[in-house]
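So this block is start14.tsv, TSV, C-alpha atoms:
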```tsv
chain	number	residue	atom	x	y	z
A	1	MET	CA	122.47	86.92	119.16
A	2	ALA	CA	120.36	89.48	120.96
A	3	GLY	CA	121.33	93.09	120.50
A	4	LYS	CA	122.59	95.27	123.36
A	5	LEU	CA	121.29	98.70	124.28
A	6	VAL	CA	123.76	101.55	124.09
A	7	LYS	CA	122.88	105.02	125.41
A	8	MET	CA	124.31	108.01	123.61
A	9	LYS	CA	123.70	111.73	123.79
A	10	ARG	CA	121.10	113.02	121.44
A	11	HIS	CA	122.71	114.40	118.28
A	12	PRO	CA	120.74	116.97	116.27
A	13	ILE	CA	121.73	115.45	112.93
A	14	ALA	CA	120.69	111.94	113.95
A	15	LYS	CA	117.02	112.81	114.18
A	16	LYS	CA	117.16	114.54	110.84
A	17	ALA	CA	118.70	111.50	109.16
A	18	ALA	CA	116.37	108.92	110.67
A	19	GLY	CA	113.47	107.92	108.46
A	20	ARG	CA	114.36	110.21	105.57
A	21	GLY	CA	115.87	109.65	102.18
A	22	ARG	CA	119.13	111.12	100.99
A	23	MET	CA	119.65	112.41	97.48
A	24	ASP	CA	122.75	113.26	95.53
A	25	ARG	CA	122.50	117.03	95.24
A	26	ARG	CA	124.55	117.16	92.04
A	27	LEU	CA	122.24	114.71	90.31
A	28	ALA	CA	119.12	116.40	91.66
A	29	THR	CA	120.30	119.86	90.62
A	30	LEU	CA	121.21	118.75	87.10
A	31	ALA	CA	117.89	116.90	86.71
A	32	VAL	CA	115.96	120.05	87.64
A	33	VAL	CA	118.15	122.29	85.44
A	34	PHE	CA	117.81	119.93	82.48
A	35	THR	CA	114.03	119.81	82.99
A	36	PHE	CA	113.67	123.60	82.81
A	37	LEU	CA	116.05	123.82	79.86
A	38	GLY	CA	113.95	121.10	78.23
A	39	ILE	CA	110.77	123.14	78.71
A	40	ALA	CA	112.46	126.10	77.01
A	41	SER	CA	113.68	123.79	74.24
A	42	VAL	CA	110.19	122.37	73.61
A	43	ALA	CA	108.68	125.87	73.57
A	44	ASN	CA	111.28	126.98	71.05
A	45	THR	CA	111.40	123.99	68.72
A	46	SER	CA	107.71	123.07	68.71
A	47	ALA	CA	106.27	126.55	68.06
A	48	PRO	CA	106.24	126.43	64.22
A	49	MET	CA	104.75	122.91	64.14
A	50	ALA	CA	102.18	123.75	66.84
A	51	THR	CA	101.15	126.91	64.98
A	52	ALA	CA	100.82	125.09	61.66
A	53	ASN	CA	98.79	122.19	63.08
A	54	PHE	CA	96.80	123.77	65.93
A	55	GLY	CA	97.08	127.53	65.47
A	56	ASP	CA	98.64	127.76	68.94
A	57	PRO	CA	102.45	128.08	69.30
A	58	LEU	CA	102.30	126.89	72.93
A	59	PHE	CA	100.12	123.83	72.34
A	60	PHE	CA	102.91	121.30	73.02
A	61	THR	CA	104.63	123.46	75.62
A	62	ARG	CA	101.62	123.53	77.96
A	63	GLN	CA	101.34	119.74	77.93
A	64	HIS	CA	105.07	119.38	78.51
A	65	VAL	CA	104.96	121.77	81.49
A	66	ILE	CA	102.15	119.75	83.10
A	67	TRP	CA	104.16	116.54	82.71
A	68	ALA	CA	107.30	118.28	84.04
A	69	VAL	CA	105.49	119.43	87.20
A	70	PHE	CA	104.04	115.93	87.62
A	71	GLY	CA	107.44	114.30	87.08
A	72	LEU	CA	109.28	116.65	89.46
A	73	SER	CA	106.65	116.01	92.13
A	74	LEU	CA	107.04	112.24	91.78
A	75	MET	CA	110.82	112.66	91.77
A	76	PHE	CA	110.62	114.45	95.13
A	77	ILE	CA	108.40	111.71	96.56
A	78	ALA	CA	110.74	109.01	95.25
A	79	SER	CA	113.75	110.69	96.83
A	80	ARG	CA	112.12	110.60	100.30
A	81	MET	CA	111.78	106.83	100.33
A	82	PRO	CA	114.55	104.23	100.71
A	83	SER	CA	115.60	102.38	97.59
A	84	SER	CA	114.78	99.11	99.39
A	85	PHE	CA	111.10	100.14	99.26
A	86	TRP	CA	111.14	100.46	95.46
A	87	ILE	CA	113.05	97.21	95.00
A	88	LYS	CA	110.58	95.36	97.24
A	89	TYR	CA	107.59	96.43	95.14
A	90	ALA	CA	109.37	96.19	91.79
A	91	PRO	CA	107.35	93.11	90.64
A	92	LEU	CA	104.10	95.10	90.91
A	93	ALA	CA	105.55	97.97	88.87
A	94	PHE	CA	106.85	95.53	86.28
A	95	ILE	CA	103.53	93.69	85.94
A	96	GLY	CA	101.76	97.02	85.58
A	97	SER	CA	104.11	98.07	82.78
A	98	LEU	CA	103.55	94.75	80.97
A	99	ILE	CA	99.80	95.28	81.13
A	100	LEU	CA	100.26	98.72	79.54
A	101	LEU	CA	102.42	97.18	76.79
A	102	VAL	CA	99.58	94.77	76.01
A	103	LEU	CA	96.84	97.43	76.19
A	104	VAL	CA	98.62	99.67	73.68
A	105	LEU	CA	98.33	96.88	71.08
A	106	ILE	CA	94.52	96.67	71.41
A	107	PRO	CA	92.68	98.61	68.67
A	108	GLY	CA	90.67	101.41	70.20
A	109	LEU	CA	92.98	101.71	73.21
A	110	GLY	CA	96.31	102.19	71.49
A	111	SER	CA	96.51	104.91	68.86
A	112	ASN	CA	97.63	103.89	65.36
A	113	PHE	CA	100.00	106.51	63.97
A	114	LEU	CA	102.05	105.88	60.81
A	115	GLY	CA	101.55	102.14	61.24
A	116	ALA	CA	102.76	102.01	64.84
A	117	ARG	CA	100.85	101.52	68.11
A	118	ARG	CA	102.93	103.24	70.78
A	119	TRP	CA	100.57	105.54	72.69
A	120	ILE	CA	97.49	105.17	74.88
A	121	ILE	CA	95.34	108.29	74.56
A	122	ILE	CA	93.83	109.53	77.83
A	123	GLY	CA	91.75	112.65	77.14
A	124	PRO	CA	94.11	115.42	76.00
A	125	PHE	CA	97.18	113.44	77.12
A	126	SER	CA	98.98	110.43	75.71
A	127	LEU	CA	100.92	107.75	77.59
A	128	GLN	CA	103.78	105.79	76.02
A	129	PRO	CA	104.10	102.44	77.84
A	130	SER	CA	107.51	101.63	76.33
A	131	GLU	CA	108.98	104.59	78.27
A	132	ILE	CA	107.47	103.39	81.54
A	133	VAL	CA	108.77	99.86	81.06
A	134	LYS	CA	112.39	101.08	80.94
A	135	LEU	CA	112.15	102.17	84.55
A	136	ALA	CA	110.10	99.14	85.57
A	137	LEU	CA	112.62	96.77	83.98
A	138	ALA	CA	115.58	98.41	85.75
A	139	LEU	CA	113.69	98.03	89.03
A	140	TYR	CA	112.69	94.42	88.36
A	141	PHE	CA	116.22	93.34	87.48
A	142	SER	CA	117.43	94.82	90.77
A	143	TYR	CA	114.72	92.77	92.49
A	144	LEU	CA	115.89	89.61	90.70
A	145	THR	CA	119.43	90.40	91.87
A	146	TYR	CA	118.17	90.72	95.45
A	147	LYS	CA	116.45	87.33	95.07
A	148	LYS	CA	119.59	85.81	93.50
A	149	ALA	CA	117.59	84.62	90.49
A	150	HIS	CA	119.09	82.44	87.76
A	151	ILE	CA	120.26	84.21	84.60
A	152	LYS	CA	117.53	82.44	82.60
A	153	LYS	CA	114.89	84.49	84.42
A	154	TYR	CA	116.61	87.73	83.35
A	155	VAL	CA	116.86	86.55	79.75
A	156	TRP	CA	113.22	85.44	79.46
A	157	THR	CA	112.08	88.69	81.06
A	158	LEU	CA	114.15	90.74	78.61
A	159	ALA	CA	112.85	88.67	75.67
A	160	LEU	CA	109.24	89.18	76.78
A	161	VAL	CA	109.62	92.97	77.07
A	162	GLY	CA	111.53	93.23	73.80
A	163	GLY	CA	108.94	91.10	72.00
A	164	LEU	CA	106.02	93.22	73.20
A	165	ILE	CA	107.77	96.44	72.16
A	166	MET	CA	108.58	95.01	68.73
A	167	LEU	CA	104.89	94.28	68.21
A	168	GLN	CA	104.27	98.05	68.21
A	169	PRO	CA	106.84	98.04	66.38
A	170	ASP	CA	109.76	100.04	67.86
A	171	LEU	CA	113.26	98.68	67.26
A	172	GLY	CA	115.02	101.75	68.70
A	173	THR	CA	113.34	101.40	72.08
A	174	THR	CA	113.95	97.65	72.02
A	175	ILE	CA	117.68	98.34	71.61
A	176	VAL	CA	117.64	100.71	74.59
A	177	VAL	CA	115.76	98.17	76.72
A	178	ALA	CA	118.25	95.44	75.74
A	179	THR	CA	121.14	97.75	76.63
A	180	ILE	CA	119.65	98.41	80.07
A	181	GLY	CA	119.12	94.70	80.72
A	182	LEU	CA	122.55	93.57	79.51
A	183	SER	CA	124.33	96.25	81.53
A	184	GLN	CA	122.49	95.07	84.63
A	185	LEU	CA	123.58	91.49	83.95
A	186	VAL	CA	127.18	92.74	84.01
A	187	LEU	CA	126.56	94.63	87.26
A	188	ALA	CA	124.94	91.51	88.74
A	189	SER	CA	128.28	89.72	88.15
A	190	PHE	CA	127.07	87.02	85.78
A	191	PRO	CA	129.79	85.33	83.67
A	192	ILE	CA	130.97	87.51	80.80
A	193	PHE	CA	130.84	84.56	78.38
A	194	GLN	CA	127.11	84.06	79.06
A	195	ILE	CA	126.43	87.77	78.65
A	196	GLY	CA	128.46	87.76	75.42
A	197	VAL	CA	126.36	84.92	73.97
A	198	ILE	CA	123.12	86.69	74.93
A	199	SER	CA	124.40	89.96	73.42
A	200	ALA	CA	125.41	88.25	70.17
A	201	ALA	CA	121.99	86.60	69.89
A	202	GLY	CA	120.32	89.94	70.51
A	203	ALA	CA	122.46	91.73	67.92
A	204	LEU	CA	121.66	89.04	65.34
A	205	ALA	CA	117.95	89.36	66.07
A	206	ALA	CA	118.14	93.16	65.71
A	207	LEU	CA	119.91	92.81	62.36
A	208	VAL	CA	117.28	90.38	61.06
A	209	LEU	CA	114.48	92.70	62.22
A	210	ALA	CA	116.16	95.67	60.56
A	211	LEU	CA	116.71	93.93	57.21
A	212	THR	CA	113.24	92.41	57.02
A	213	SER	CA	111.47	95.76	57.45
A	214	ASP	CA	111.27	98.10	54.46
A	215	TYR	CA	111.55	101.40	56.33
A	216	ARG	CA	114.32	100.14	58.66
A	217	ARG	CA	116.24	98.78	55.68
A	218	GLU	CA	115.93	102.17	53.95
A	219	ARG	CA	117.37	103.88	57.01
A	220	ILE	CA	120.38	101.57	56.96
A	221	ILE	CA	120.90	102.13	53.23
A	222	THR	CA	120.64	105.90	53.74
A	223	PHE	CA	123.17	105.69	56.56
A	224	ILE	CA	125.62	103.76	54.35
A	225	THR	CA	125.16	105.76	51.14
A	226	GLY	CA	125.02	109.17	52.82
A	227	THR	CA	122.86	112.06	51.57
A	228	ARG	CA	122.81	111.19	47.86
A	229	ASP	CA	119.01	111.18	47.63
A	230	ALA	CA	118.62	114.65	49.16
A	231	HIS	CA	114.91	114.96	48.35
A	232	GLY	CA	113.97	111.36	49.15
A	233	ASP	CA	115.04	109.00	51.93
A	234	ALA	CA	118.00	111.20	52.91
A	235	TYR	CA	115.91	114.38	53.25
A	236	HIS	CA	115.60	114.20	57.03
A	237	ILE	CA	119.27	113.62	57.80
A	238	ARG	CA	120.36	116.19	55.21
A	239	GLN	CA	118.23	118.88	56.87
A	240	VAL	CA	119.60	117.86	60.25
A	241	LEU	CA	123.19	118.21	59.02
A	242	LEU	CA	122.38	121.59	57.48
A	243	ALA	CA	121.07	122.77	60.85
A	244	ILE	CA	124.10	121.53	62.77
A	245	GLY	CA	126.52	122.97	60.20
A	246	SER	CA	124.73	126.33	60.18
A	247	GLY	CA	125.41	126.73	63.89
A	248	GLY	CA	129.12	127.30	63.38
A	249	LEU	CA	131.16	128.03	66.49
A	250	PHE	CA	128.73	130.24	68.39
A	251	GLY	CA	125.31	129.49	66.85
A	252	VAL	CA	122.75	131.68	65.13
A	253	GLY	CA	121.17	132.72	68.45
A	254	ILE	CA	118.48	131.32	70.74
A	255	GLY	CA	115.16	131.21	68.91
A	256	GLN	CA	116.75	132.10	65.56
A	257	SER	CA	116.88	128.64	63.95
A	258	ARG	CA	115.77	128.57	60.33
A	259	GLN	CA	115.60	124.80	60.05
A	260	LYS	CA	112.91	124.55	62.72
A	261	GLN	CA	110.52	126.35	60.35
A	262	LEU	CA	109.09	123.01	59.21
A	263	PHE	CA	112.21	122.02	57.24
A	264	ILE	CA	113.20	119.29	59.72
A	265	PRO	CA	110.62	116.62	60.67
A	266	GLU	CA	110.04	116.01	64.41
A	267	THR	CA	111.90	119.14	65.54
A	268	ALA	CA	110.64	118.89	69.12
A	269	THR	CA	111.23	115.15	69.55
A	270	ASP	CA	113.80	113.09	67.65
A	271	SER	CA	115.57	116.03	65.97
A	272	VAL	CA	115.70	118.51	68.85
A	273	PHE	CA	119.51	118.24	69.09
A	274	ALA	CA	119.85	119.60	65.55
A	275	ILE	CA	117.93	122.77	66.44
A	276	ILE	CA	119.86	123.19	69.69
A	277	SER	CA	123.14	122.84	67.78
A	278	GLU	CA	122.07	125.40	65.19
A	279	GLU	CA	121.18	127.95	67.84
A	280	ILE	CA	124.01	127.56	70.39
A	281	GLY	CA	126.81	126.43	68.05
A	282	PHE	CA	129.82	124.20	68.62
A	283	PHE	CA	130.95	125.72	71.91
A	284	GLY	CA	127.44	125.61	73.35
A	285	VAL	CA	127.11	121.96	72.36
A	286	VAL	CA	130.45	121.18	74.06
A	287	VAL	CA	129.09	122.66	77.30
A	288	LEU	CA	125.85	120.67	76.97
A	289	LEU	CA	127.67	117.41	76.26
A	290	SER	CA	129.98	118.05	79.23
A	291	LEU	CA	126.95	118.42	81.49
A	292	PHE	CA	125.47	115.21	80.08
A	293	LEU	CA	128.74	113.35	80.72
A	294	PHE	CA	128.96	114.72	84.25
A	295	PHE	CA	125.37	113.61	84.88
A	296	VAL	CA	125.96	110.05	83.64
A	297	PHE	CA	129.29	109.61	85.47
A	298	THR	CA	127.73	110.95	88.68
A	299	ALA	CA	124.96	108.37	88.33
A	300	LEU	CA	127.53	105.63	87.71
A	301	SER	CA	129.53	106.73	90.77
A	302	ILE	CA	126.39	106.19	92.87
A	303	ALA	CA	126.22	102.63	91.53
A	304	LYS	CA	129.89	102.10	92.39
A	305	LYS	CA	129.35	103.26	95.98
A	306	ALA	CA	126.17	101.24	96.51
A	307	ASP	CA	126.17	99.13	99.66
A	308	SER	CA	124.40	96.12	98.12
A	309	PRO	CA	124.39	94.33	94.72
A	310	GLU	CA	120.71	95.10	94.04
A	311	LYS	CA	121.24	98.84	94.59
A	312	ALA	CA	124.27	98.80	92.30
A	313	VAL	CA	122.25	97.00	89.61
A	314	LEU	CA	119.43	99.54	89.91
A	315	ALA	CA	121.65	102.64	89.87
A	316	GLY	CA	123.84	101.33	87.07
A	317	GLY	CA	120.86	100.30	84.95
A	318	ILE	CA	119.28	103.74	85.18
A	319	ALA	CA	122.59	105.46	84.41
A	320	VAL	CA	123.07	103.27	81.32
A	321	TRP	CA	119.45	103.88	80.28
A	322	ILE	CA	119.89	107.67	80.23
A	323	GLY	CA	123.42	107.53	78.82
A	324	SER	CA	122.51	105.16	76.00
A	325	GLN	CA	119.59	107.35	74.92
A	326	ILE	CA	121.81	110.43	74.87
A	327	PHE	CA	124.37	108.56	72.76
A	328	LEU	CA	121.87	107.02	70.32
A	329	ASN	CA	120.01	110.30	69.75
A	330	ILE	CA	123.08	112.48	69.20
A	331	SER	CA	125.04	109.87	67.23
A	332	SER	CA	122.13	109.46	64.80
A	333	MET	CA	122.02	113.26	64.32
A	334	ILE	CA	125.69	113.37	63.31
A	335	VAL	CA	125.46	110.15	61.22
A	336	LEU	CA	127.54	107.95	63.49
A	337	THR	CA	124.63	105.51	63.69
A	338	PRO	CA	121.42	105.04	61.66
A	339	MET	CA	118.43	107.09	62.77
A	340	THR	CA	116.44	105.22	65.41
A	341	GLY	CA	113.82	107.73	66.59
A	342	ILE	CA	115.18	107.75	70.15
A	343	PRO	CA	114.31	110.97	72.06
A	344	LEU	CA	116.97	113.10	73.76
A	345	PRO	CA	116.48	112.80	77.55
A	346	PHE	CA	115.02	115.92	79.20
A	347	PHE	CA	115.06	117.97	75.97
A	348	SER	CA	112.69	116.09	73.65
A	349	TYR	CA	108.95	116.61	73.91
A	350	GLY	CA	107.28	113.67	75.62
A	351	GLY	CA	105.65	113.46	79.04
A	352	SER	CA	105.98	109.71	79.61
A	353	ALA	CA	109.72	109.77	78.90
A	354	LEU	CA	110.36	112.84	81.05
A	355	THR	CA	108.36	111.52	84.01
A	356	ALA	CA	110.02	108.09	83.94
A	357	ILE	CA	113.50	109.60	83.76
A	358	LEU	CA	112.85	112.08	86.59
A	359	ILE	CA	111.63	109.30	88.88
A	360	GLY	CA	114.60	107.13	87.92
A	361	CYS	CA	117.13	109.90	88.54
A	362	LEU	CA	116.40	110.15	92.25
A	363	LEU	CA	114.72	106.85	93.01
A	364	TYR	CA	117.93	104.99	93.77
A	365	THR	CA	119.77	107.74	95.69
A	366	SER	CA	117.70	107.47	98.89
A	367	ASP	CA	119.18	105.14	101.49
A	368	ALA	CA	117.26	106.04	104.62
A	369	ASP	CA	116.47	103.24	107.08
A	370	ASP	CA	118.68	100.80	105.16
A	371	GLU	CA	121.16	100.57	108.05
A	372	GLU	CA	121.36	97.36	110.06
A	373	ASP	CA	121.00	99.17	113.38
A	374	SER	CA	117.54	100.35	114.40
A	375	VAL	CA	117.38	103.85	115.88
A	376	ASP	CA	114.90	105.63	118.11
A	377	PHE	CA	114.79	108.59	120.47
A	378	VAL	CA	113.78	108.42	124.14
A	379	GLY	CA	113.77	111.82	125.84
A	380	ASP	CA	117.24	113.36	125.50
A	381	THR	CA	118.90	109.97	125.03
A	382	LEU	CA	119.41	108.12	121.75
A	383	ILE	CA	118.82	104.38	122.19
A	384	CYS	CA	120.79	102.42	119.59
A	385	ILE	CA	120.18	98.69	119.28
A	386	GLN	CA	123.47	97.27	118.03
A	387	ASN	CA	123.34	93.84	116.45
A	388	ASP	CA	126.16	91.47	117.39
```
With the file now loaded, output its structure as structure tokens.
Amino acid sequence: MAGKLVKMKRHPIAKKAAGRGRMDRRLATLAVVFTFLGIASVANTSAPMATANFGDPLFFTRQHVIWAVFGLSLMFIASRMPSSFWIKYAPLAFIGSLILLVLVLIPGLGSNFLGARRWIIIGPFSLQPSEIVKLALALYFSYLTYKKAHIKKYVWTLALVGGLIMLQPDLGTTIVVATIGLSQLVLASFPIFQIGVISAAGALAALVLALTSDYRRERIITFITGTRDAHGDAYHIRQVLLAIGSGGLFGVGIGQSRQKQLFIPETATDSVFAIISEEIGFFGVVVLLSLFLFFVFTALSIAKKADSPEKAVLAGGIAVWIGSQIFLNISSMIVLTPMTGIPLPFFSYGGSALTAILIGCLLYTSDADDEEDSVDFVGDTLICIQND
């Protein structure tokens, strides 16, 4: 039926709301705070390694700051646009991320480091496609939800992404991607039995991949046997536990970590939580974990309040993405799970990961222009076209 015109007095807030995005201030504030704390963390933890390798203690910090500014700028832009815009163009973002996953496997384009092809080098910067695809996948699954696609399309999409990442190879990131996808299947209200079968098949595939790879098998054996081989395979986790244990209740003080002096491998990336724990101690870690929990539950509450299934799938997928990475990183540091090489969101060095997470944090909180009624101003009168 045709809509009817209703005249109302101009309201000062109405003009402000029209055509602009809305963001959850708690989520935005925490994202910004975590970003700046992450810059300080990278500067602190990377200094010994940067000095030893490049003669410049701020080598990694400068690159991280550039990525942080870039990511915060994109986050602001994302928050000014309605989530329906991002969902509409999700297929383009997803195709672009798949192209990057293919390009990283091409010799000469993707860098080969320790037998893995995970980065595309662009001048002084490096891009990690597997971090970009996490965001693109969450967006694409929300698009499939909007289109009411069959579950087979989700499964084949997830298998394609997981397969390309495993060619790098990177089992840890594949697990995170699978977790994002499966959580979105739940949010899309597919039958639990079907999701259970898909999850079981995925877990079996992960186990086979872990046992058929020498270095992954060694990690599992080290996890099971503990720190018996302190100078061999268990060296990394033993140094991590020494750092965490040395922190005590109140820590040794910011910047005073001894284990970051090249005792722990990857202090600024995978093992950053160990250095943080050593310096701020048990009580400091409790505060940090509380902030992480508040962040994730706030993101999940946005999914719960979403006004459409596709927005709920998007918000929930991003919340699970960030939450699962926090869990996998910290649990591997305290030997609850085998080490997977998953970075700690916001705090680990890595521009691609930080930028993708910052965009994701705010991308789904903007709901401007998603209302059914169209709104415009004419003089001092607000003309509202109400649909019957």
Counting only C-alpha atoms, which residue out of A:Ala315, A:Val335, A:Leu103, A:Ala200 sits closest to A:Thr225?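 Counting only C-alpha atoms, the residue closest to A:Thr225 is A:Val335.
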I'd like the neighbourhood of stretch 203-209 of chain A as a ChimeraX atom specification, where a residue qualifies if any of its atoms comes within 12 Å (using only C-alpha atoms), though same-chain residues fewer than 6 positions away should be ignored.
/A:159,162-163,166-167,169-176,178-179,182,196-197,215-217,220
Could you turn the residues from that selection into a file that holds C-alpha atoms, as a compact mmCIF listing (two decimals), in the frame of the given file?
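And here is the file that came out, part.txt:
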```txt
# COMPACT_ATOMS: atom_id res chain seq x y z
CA ALA A 159 112.85 88.67 75.67
CA GLY A 162 111.53 93.23 73.80
CA GLY A 163 108.94 91.10 72.00
CA MET A 166 108.58 95.01 68.73
CA LEU A 167 104.89 94.28 68.21
CA PRO A 169 106.84 98.04 66.38
CA ASP A 170 109.76 100.04 67.86
CA LEU A 171 113.26 98.68 67.26
CA GLY A 172 115.02 101.75 68.70
CA THR A 173 113.34 101.40 72.08
CA THR A 174 113.95 97.65 72.02
CA ILE A 175 117.68 98.34 71.61
CA VAL A 176 117.64 100.71 74.59
CA ALA A 178 118.25 95.44 75.74
CA THR A 179 121.14 97.75 76.63
CA LEU A 182 122.55 93.57 79.51
CA GLY A 196 128.46 87.76 75.42
CA VAL A 197 126.36 84.92 73.97
CA TYR A 215 111.55 101.40 56.33
CA ARG A 216 114.32 100.14 58.66
CA ARG A 217 116.24 98.78 55.68
CA ILE A 220 120.38 101.57 56.96
```
Legend entry - Top pick for closest residue to A:Thr29, considering A:Tyr146, A:Met75, A:Gln184, A:Lys134 and counting only C-alpha atoms: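 Using only C-alpha atoms, the shortest distance to A:Thr29 belongs to A:Met75.
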Nearest to A:Ala90, restricted to all atoms listed in the file and choosing among A:Asp56, A:Asp214, A:Glu310, A:Asp270, comes out as A:Glu310
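In this model, the gap between atom CA of A:Pro338 and atom CA of A:Leu354 comes to 23.6 Å.
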